[in-house]
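Asker: Please find work24.pdb (PDB, C-alpha atoms (C1' of nucleotides)) on the next line:
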```pdb
MODEL        1
ATOM      1  CA  MET A  12     225.488 -51.214 109.965
ATOM      2  CA  LYS A  13     222.396 -50.680 107.844
ATOM      3  CA  TYR A  14     219.317 -52.774 107.209
ATOM      4  CA  TRP A  15     217.511 -53.387 103.933
ATOM      5  CA  LEU A  16     214.682 -55.155 102.217
ATOM      6  CA  LEU A  17     215.088 -56.676  98.768
ATOM      7  CA  LYS A  18     212.110 -57.646  96.655
ATOM      8  CA  SER A  19     212.070 -60.544  94.267
ATOM      9  CA  GLU A  20     209.325 -62.254  92.347
ATOM     10  CA  PRO A  21     209.617 -65.919  93.307
ATOM     11  CA  ASP A  22     208.689 -66.965  89.771
ATOM     12  CA  CYS A  23     211.813 -65.181  88.691
ATOM     13  CA  PHE A  24     214.172 -65.832  91.596
ATOM     14  CA  SER A  25     212.991 -67.283  94.894
ATOM     15  CA  ILE A  26     214.596 -67.782  98.261
ATOM     16  CA  ASP A  27     214.800 -71.491  97.411
ATOM     17  CA  ASP A  28     216.842 -70.601  94.362
ATOM     18  CA  LEU A  29     219.162 -68.662  96.632
ATOM     19  CA  ALA A  30     219.337 -71.547  99.114
ATOM     20  CA  LYS A  31     220.400 -73.849  96.277
ATOM     21  CA  ALA A  32     222.979 -71.445  94.907
ATOM     22  CA  LYS A  33     226.674 -72.035  95.457
ATOM     23  CA  ARG A  34     227.618 -70.760  98.934
ATOM     24  CA  GLN A  35     223.992 -69.519  99.164
ATOM     25  CA  THR A  36     225.295 -66.455  97.392
ATOM     26  CA  THR A  37     224.055 -64.572  94.342
ATOM     27  CA  PHE A  38     224.517 -61.272  92.583
ATOM     28  CA  TRP A  39     221.503 -59.008  92.843
ATOM     29  CA  ASP A  40     221.105 -58.074  89.219
ATOM     30  CA  GLY A  41     218.318 -56.408  87.290
ATOM     31  CA  VAL A  42     217.696 -53.347  89.441
ATOM     32  CA  ARG A  43     216.633 -50.668  86.929
ATOM     33  CA  ASN A  44     215.385 -47.932  89.179
ATOM     34  CA  TYR A  45     217.599 -45.006  90.120
ATOM     35  CA  GLN A  46     216.512 -44.692  93.702
ATOM     36  CA  ALA A  47     217.058 -48.394  94.302
ATOM     37  CA  ARG A  48     220.419 -48.240  92.532
ATOM     38  CA  ASN A  49     221.525 -45.292  94.609
ATOM     39  CA  PHE A  50     220.808 -47.181  97.799
ATOM     40  CA  MET A  51     222.894 -50.102  96.563
ATOM     41  CA  ARG A  52     225.681 -47.973  95.176
ATOM     42  CA  ASP A  53     225.988 -45.359  97.898
ATOM     43  CA  GLU A  54     224.778 -46.869 101.122
ATOM     44  CA  MET A  55     224.977 -50.641 101.106
ATOM     45  CA  LYS A  56     228.049 -51.863 102.910
ATOM     46  CA  LEU A  57     229.675 -55.211 103.560
ATOM     47  CA  GLY A  58     227.933 -56.919 106.435
ATOM     48  CA  ASP A  59     224.683 -55.009 106.093
ATOM     49  CA  GLN A  60     221.605 -57.133 106.713
ATOM     50  CA  ALA A  61     218.816 -57.522 104.172
ATOM     51  CA  PHE A  62     215.436 -59.181 104.272
ATOM     52  CA  PHE A  63     214.491 -61.268 101.252
ATOM     53  CA  TYR A  64     210.912 -60.481 100.226
ATOM     54  CA  HIS A  65     208.676 -62.347  97.803
ATOM     55  CA  SER A  66     206.469 -59.997  95.778
ATOM     56  CA  SER A  67     203.803 -60.472  93.098
ATOM     57  CA  CYS A  68     202.864 -63.944  94.259
ATOM     58  CA  ASP A  69     200.147 -65.821  96.138
ATOM     59  CA  GLU A  70     201.466 -64.899  99.521
ATOM     60  CA  PRO A  71     203.804 -61.901  99.581
ATOM     61  CA  ALA A  72     206.132 -62.352 102.567
ATOM     62  CA  ILE A  73     209.528 -61.776 104.115
ATOM     63  CA  MET A  74     211.168 -65.121 103.534
ATOM     64  CA  GLY A  75     214.528 -64.837 105.215
ATOM     65  CA  LEU A  76     217.591 -62.856 106.078
ATOM     66  CA  CYS A  77     220.644 -62.178 103.942
ATOM     67  CA  GLU A  78     223.951 -60.425 104.300
ATOM     68  CA  ILE A  79     225.681 -58.116 101.846
ATOM     69  CA  VAL A  80     228.891 -59.942 100.946
ATOM     70  CA  ARG A  81     230.095 -57.679  98.146
ATOM     71  CA  GLU A  82     229.550 -53.970  97.691
ATOM     72  CA  ALA A  83     228.264 -52.369  94.506
ATOM     73  CA  TYR A  84     229.865 -53.178  91.154
ATOM     74  CA  PRO A  85     228.603 -52.899  87.566
ATOM     75  CA  ASP A  86     225.563 -54.989  86.647
ATOM     76  CA  HIS A  87     226.846 -56.858  83.596
ATOM     77  CA  THR A  88     223.346 -58.009  82.599
ATOM     78  CA  ALA A  89     222.676 -54.447  81.425
ATOM     79  CA  PHE A  90     225.285 -54.964  78.664
ATOM     80  CA  ASP A  91     223.769 -58.153  77.278
ATOM     81  CA  PRO A  92     221.228 -57.599  74.476
ATOM     82  CA  LYS A  93     219.796 -61.064  75.108
ATOM     83  CA  ASN A  94     219.139 -60.337  78.780
ATOM     84  CA  ASP A  95     215.673 -59.264  79.885
ATOM     85  CA  HIS A  96     217.233 -56.359  81.750
ATOM     86  CA  TYR A  97     219.376 -55.178  78.856
ATOM     87  CA  ASP A  98     219.794 -51.408  78.788
ATOM     88  CA  PRO A  99     221.551 -50.014  75.721
ATOM     89  CA  LYS A 100     222.140 -46.735  77.528
ATOM     90  CA  SER A 101     224.448 -48.421  80.042
ATOM     91  CA  LYS A 102     228.004 -48.509  78.711
ATOM     92  CA  GLN A 103     230.843 -50.738  79.912
ATOM     93  CA  ALA A 104     233.028 -47.661  80.367
ATOM     94  CA  ASP A 105     230.365 -45.861  82.342
ATOM     95  CA  PRO A 106     227.859 -48.351  83.741
ATOM     96  CA  THR A 107     224.448 -47.026  84.679
ATOM     97  CA  TRP A 108     223.384 -49.989  86.767
ATOM     98  CA  MET A 109     224.981 -51.624  89.760
ATOM     99  CA  MET A 110     224.536 -54.782  91.732
ATOM    100  CA  VAL A 111     225.708 -56.250  95.016
ATOM    101  CA  ASP A 112     226.261 -59.829  96.170
ATOM    102  CA  ILE A 113     224.126 -61.268  98.914
ATOM    103  CA  ARG A 114     224.369 -64.466 100.940
ATOM    104  CA  LEU A 115     221.424 -66.186 102.555
ATOM    105  CA  THR A 116     222.155 -66.415 106.267
ATOM    106  CA  LYS A 117     218.778 -67.322 107.711
ATOM    107  CA  PRO A 118     215.868 -68.686 105.724
ATOM    108  CA  PHE A 119     212.757 -68.386 107.877
ATOM    109  CA  THR A 120     210.846 -71.592 108.548
ATOM    110  CA  LYS A 121     207.860 -69.380 109.231
ATOM    111  CA  PRO A 122     207.962 -66.430 106.838
ATOM    112  CA  LEU A 123     206.277 -63.209 107.862
ATOM    113  CA  THR A 124     203.469 -62.556 105.421
ATOM    114  CA  LEU A 125     202.531 -59.116 104.220
ATOM    115  CA  GLU A 126     199.255 -59.531 106.081
ATOM    116  CA  GLN A 127     201.117 -60.217 109.331
ATOM    117  CA  LEU A 128     203.492 -57.329 108.768
ATOM    118  CA  LYS A 129     200.573 -54.942 108.414
ATOM    119  CA  ALA A 130     199.346 -55.957 111.863
ATOM    120  CA  ILE A 131     202.599 -55.062 113.619
ATOM    121  CA  PRO A 132     202.377 -51.574 115.183
ATOM    122  CA  ALA A 133     206.161 -51.050 115.115
ATOM    123  CA  LEU A 134     206.071 -51.320 111.316
ATOM    124  CA  LYS A 135     203.480 -48.657 110.729
ATOM    125  CA  GLU A 136     205.963 -46.400 108.956
ATOM    126  CA  MET A 137     207.711 -49.128 107.006
ATOM    127  CA  GLU A 138     208.372 -48.305 103.348
ATOM    128  CA  LEU A 139     207.073 -51.686 102.227
ATOM    129  CA  LEU A 140     203.679 -50.950 103.761
ATOM    130  CA  ARG A 141     203.368 -47.485 102.316
ATOM    131  CA  ARG A 142     200.506 -47.179  99.876
ATOM    132  CA  GLY A 143     201.812 -47.402  96.351
ATOM    133  CA  SER A 144     205.312 -48.348  97.405
ATOM    134  CA  ARG A 145     207.197 -50.010  94.556
ATOM    135  CA  LEU A 146     210.801 -49.569  95.556
ATOM    136  CA  SER A 147     212.592 -52.905  95.093
ATOM    137  CA  VAL A 148     215.574 -52.022  97.272
ATOM    138  CA  GLN A 149     214.546 -50.167 100.376
ATOM    139  CA  PRO A 150     216.020 -49.217 103.732
ATOM    140  CA  VAL A 151     214.667 -50.686 106.944
ATOM    141  CA  THR A 152     215.196 -48.910 110.248
ATOM    142  CA  LYS A 153     216.842 -50.656 113.171
ATOM    143  CA  PRO A 154     213.634 -50.790 115.253
ATOM    144  CA  GLN A 155     211.761 -52.186 112.248
ATOM    145  CA  PHE A 156     214.517 -54.722 111.650
ATOM    146  CA  GLU A 157     214.460 -55.876 115.247
ATOM    147  CA  ALA A 158     210.678 -56.074 115.379
ATOM    148  CA  ILE A 159     210.668 -58.299 112.316
ATOM    149  CA  LEU A 160     213.495 -60.533 113.499
ATOM    150  CA  LYS A 161     211.802 -61.020 116.831
ATOM    151  CA  LEU A 162     208.699 -62.427 115.156
ATOM    152  CA  ALA A 163     210.269 -64.377 112.308
ATOM    153  CA  LYS A 164     211.413 -67.945 112.824
TER     154      LYS A 164
ATOM    155  C1'  DG B  19     192.566 -59.539  85.300
ATOM    156  C1'  DC B  20     191.935 -55.018  87.481
ATOM    157  C1'  DC B  21     193.642 -50.851  88.802
ATOM    158  C1'  DA B  22     196.115 -47.347  91.708
ATOM    159  C1'  DA B  23     200.461 -45.445  92.173
ATOM    160  C1'  DC B  24     204.498 -44.296  90.456
ATOM    161  C1'  DG B  25     208.525 -43.639  87.055
ATOM    162  C1'  DT B  26     209.907 -42.545  82.406
ATOM    163  C1'  DT B  27     209.507 -40.598  77.912
ATOM    164  C1'  DG B  28     209.009 -37.173  74.624
ATOM    165  C1'  DG B  29     206.590 -33.218  72.459
ATOM    166  C1'  DC B  30     206.170 -28.542  73.099
TER     167       DC B  30
ATOM    168  C1'  DG C  29     210.852 -27.247  82.446
ATOM    169  C1'  DC C  30     206.024 -28.758  82.053
ATOM    170  C1'  DC C  31     202.950 -32.350  81.629
ATOM    171  C1'  DA C  32     200.228 -35.889  79.109
ATOM    172  C1'  DA C  33     200.804 -40.414  77.603
ATOM    173  C1'  DC C  34     202.541 -44.562  78.412
ATOM    174  C1'  DG C  35     204.725 -48.577  80.803
ATOM    175  C1'  DT C  36     205.606 -51.050  85.090
ATOM    176  C1'  DT C  37     204.879 -52.656  89.726
ATOM    177  C1'  DG C  38     202.478 -55.241  92.816
ATOM    178  C1'  DG C  39     198.471 -56.071  95.895
ATOM    179  C1'  DC C  40     194.077 -57.766  95.561
TER     180       DC C  40
ENDMDL
END
```
How does this structure look as structure tokens?

Answerer:
Amino acid sequence: MKYWLLKSEPDCFSIDDLAKAKRQTTFWDGVRNYQARNFMRDEMKLGDQAFFYHSSCDEPAIMGLCEIVREAYPDHTAFDPKNDHYDPKSKQADPTWMMVDIRLTKPFTKPLTLEQLKAIPALKEMELLRRGSRLSVQPVTKPQFEAILKLAK
DNA sequence: GCCAACGTTGGC
DNA sequence: GCCAACGTTGGC
């Protein structure tokens, strides 16, 4: 099993939105970065665990834990000219962009803020904390995953 | 709102 | 294939 971190801007889609969704499940659309797509397409498997992270907001933080409930399939929002994430280069017959489905399994009552994460020695090498890191879908190592889960409530 | 870091685009 | 220009991300 692998571990992941997924970024979302809460103004766009927050963990509360996910909590309110049917079966606490959503498709993770809008990823338009090749490295992030490759992680989703090639490495994300059913049952993998993923942290839900709020970015570009007052208090960036890991908000909860999710599970991958469907493996990669074409991101249909790329085909829709009216969608913000429309990409004319992605064709139905040969989709460029993929998405997965995730289900919220454990919203944290006390999210771990970015500030707190930075203070945890076990997370020194974490991708999220790397200077200039922008990857919206990123792998988390098992020790990192466990360190975070131990502190999150 | 600023700006550093990074990815993408396009001319050559 | 190089690289400058540009756009985006995301913390502050």

Asker: Within 12 Å of Lys31 of chain A, counting all atoms listed in the file, which residues show up once you throw out same-chain ones fewer than 6 positions away? Write them as an NGL selection string, please.

Answerer: :A and (24-25 or 37 or 114-115 or 118)

Asker: Atoms to include: C-alpha atoms. Write the selected residues as a compact mmCIF listing (two decimals), in the frame of the given file.

Answerer:
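Wrote result_11.txt, looks like this:
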```txt
# COMPACT_ATOMS: atom_id res chain seq x y z
CA PHE A 24 214.17 -65.83 91.60
CA SER A 25 212.99 -67.28 94.89
CA THR A 37 224.06 -64.57 94.34
CA ARG A 114 224.37 -64.47 100.94
CA LEU A 115 221.42 -66.19 102.56
CA PRO A 118 215.87 -68.69 105.72
```

Asker: Once you count all atoms listed in the file, which residues of chain B turn out to be within 10 Å of chain A? Could you give them as a ChimeraX atom specification?

Answerer: /B:22-25

Asker: Which residues would end up in the selection if the PyMOL selection byres ((chain A and resi 70) around 12) were applied here, given that I need the answer as a list in words?

Answerer: Glu20, Pro21, Tyr64, His65, Ser66, Ser67, Cys68, Asp69, Pro71, Ala72, Ile73, Met74, Pro122, Leu123, Thr124, Leu125, Glu126 and Gln127 of chain A; DG38, DG39 and DC40 of chain C

Asker: Just write the chosen residues, C-alpha atoms (C1' of nucleotides), as a PDB file, in the frame of the given file.

Answerer:
```pdb
ATOM      1  CA  GLU A  20     209.325 -62.254  92.347  1.00  0.00           C
ATOM      2  CA  PRO A  21     209.617 -65.919  93.307  1.00  0.00           C
ATOM      3  CA  TYR A  64     210.912 -60.481 100.226  1.00  0.00           C
ATOM      4  CA  HIS A  65     208.676 -62.347  97.803  1.00  0.00           C
ATOM      5  CA  SER A  66     206.469 -59.997  95.778  1.00  0.00           C
ATOM      6  CA  SER A  67     203.803 -60.472  93.098  1.00  0.00           C
ATOM      7  CA  CYS A  68     202.864 -63.944  94.259  1.00  0.00           C
ATOM      8  CA  ASP A  69     200.147 -65.821  96.138  1.00  0.00           C
ATOM      9  CA  PRO A  71     203.804 -61.901  99.581  1.00  0.00           C
ATOM     10  CA  ALA A  72     206.132 -62.352 102.567  1.00  0.00           C
ATOM     11  CA  ILE A  73     209.528 -61.776 104.115  1.00  0.00           C
ATOM     12  CA  MET A  74     211.168 -65.121 103.534  1.00  0.00           C
ATOM     13  CA  PRO A 122     207.962 -66.430 106.838  1.00  0.00           C
ATOM     14  CA  LEU A 123     206.277 -63.209 107.862  1.00  0.00           C
ATOM     15  CA  THR A 124     203.469 -62.556 105.421  1.00  0.00           C
ATOM     16  CA  LEU A 125     202.531 -59.116 104.220  1.00  0.00           C
ATOM     17  CA  GLU A 126     199.255 -59.531 106.081  1.00  0.00           C
ATOM     18  CA  GLN A 127     201.117 -60.217 109.331  1.00  0.00           C
TER      19      GLN A 127
ATOM     20  C1'  DG C  38     202.478 -55.241  92.816  1.00  0.00           C
ATOM     21  C1'  DG C  39     198.471 -56.071  95.895  1.00  0.00           C
ATOM     22  C1'  DC C  40     194.077 -57.766  95.561  1.00  0.00           C
TER      23       DC C  40
END
```

Asker: Quick one: distance from atom CA of Gly75 of chain A to atom CA of His87 of chain A in Å, one decimal?

Answerer: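 Taking atom CA of Gly75 of chain A as the start and atom CA of His87 of chain A as the end point, the length is 26.1 Å.
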
Asker: Have a look at A:Lys164, A:Lys135, A:Lys93, A:Arg43 and name the one nearest to Thr120 of chain A; count only C-alpha atoms.

Answerer: A:Lys164

Asker: So how far away is atom CA of Ala163 of chain A from atom CA of Asp27 of chain A, in Å?

Answerer: 17.1 Å

Asker: For the file shown, report as a VMD selection string the outcome of the PyMOL selection byres ((chain A and resi 154) around 12) at residue level.

Answerer: chain A and resid 13 to 14 131 to 137 150 to 153 155 to 161

Asker: Separation of atom CA of Gln149 of chain A and atom CA of Ile113 of chain A, in Å?

Answerer: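 So the two atoms, atom CA of Gln149 of chain A and atom CA of Ile113 of chain A, lie 14.7 Å apart.
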
Asker: Give me, as a PyMOL selection string, all polymer residues having an atom no more than 9 Å from Pro85 of chain A, counting only C-alpha atoms (C1' of nucleotides) and skipping those fewer than 2 positions away in the same chain.

Answerer: chain A and resi 83+87-89+103+105-111

Asker: Would you list the contacts of Pro99 of chain A as a VMD selection string, taking every protein, DNA or RNA residue within 7 Å and counting only C-alpha atoms (C1' of nucleotides), but skipping same-chain residues closer than 2 positions in sequence?

Answerer: chain A and resid 90 97 101
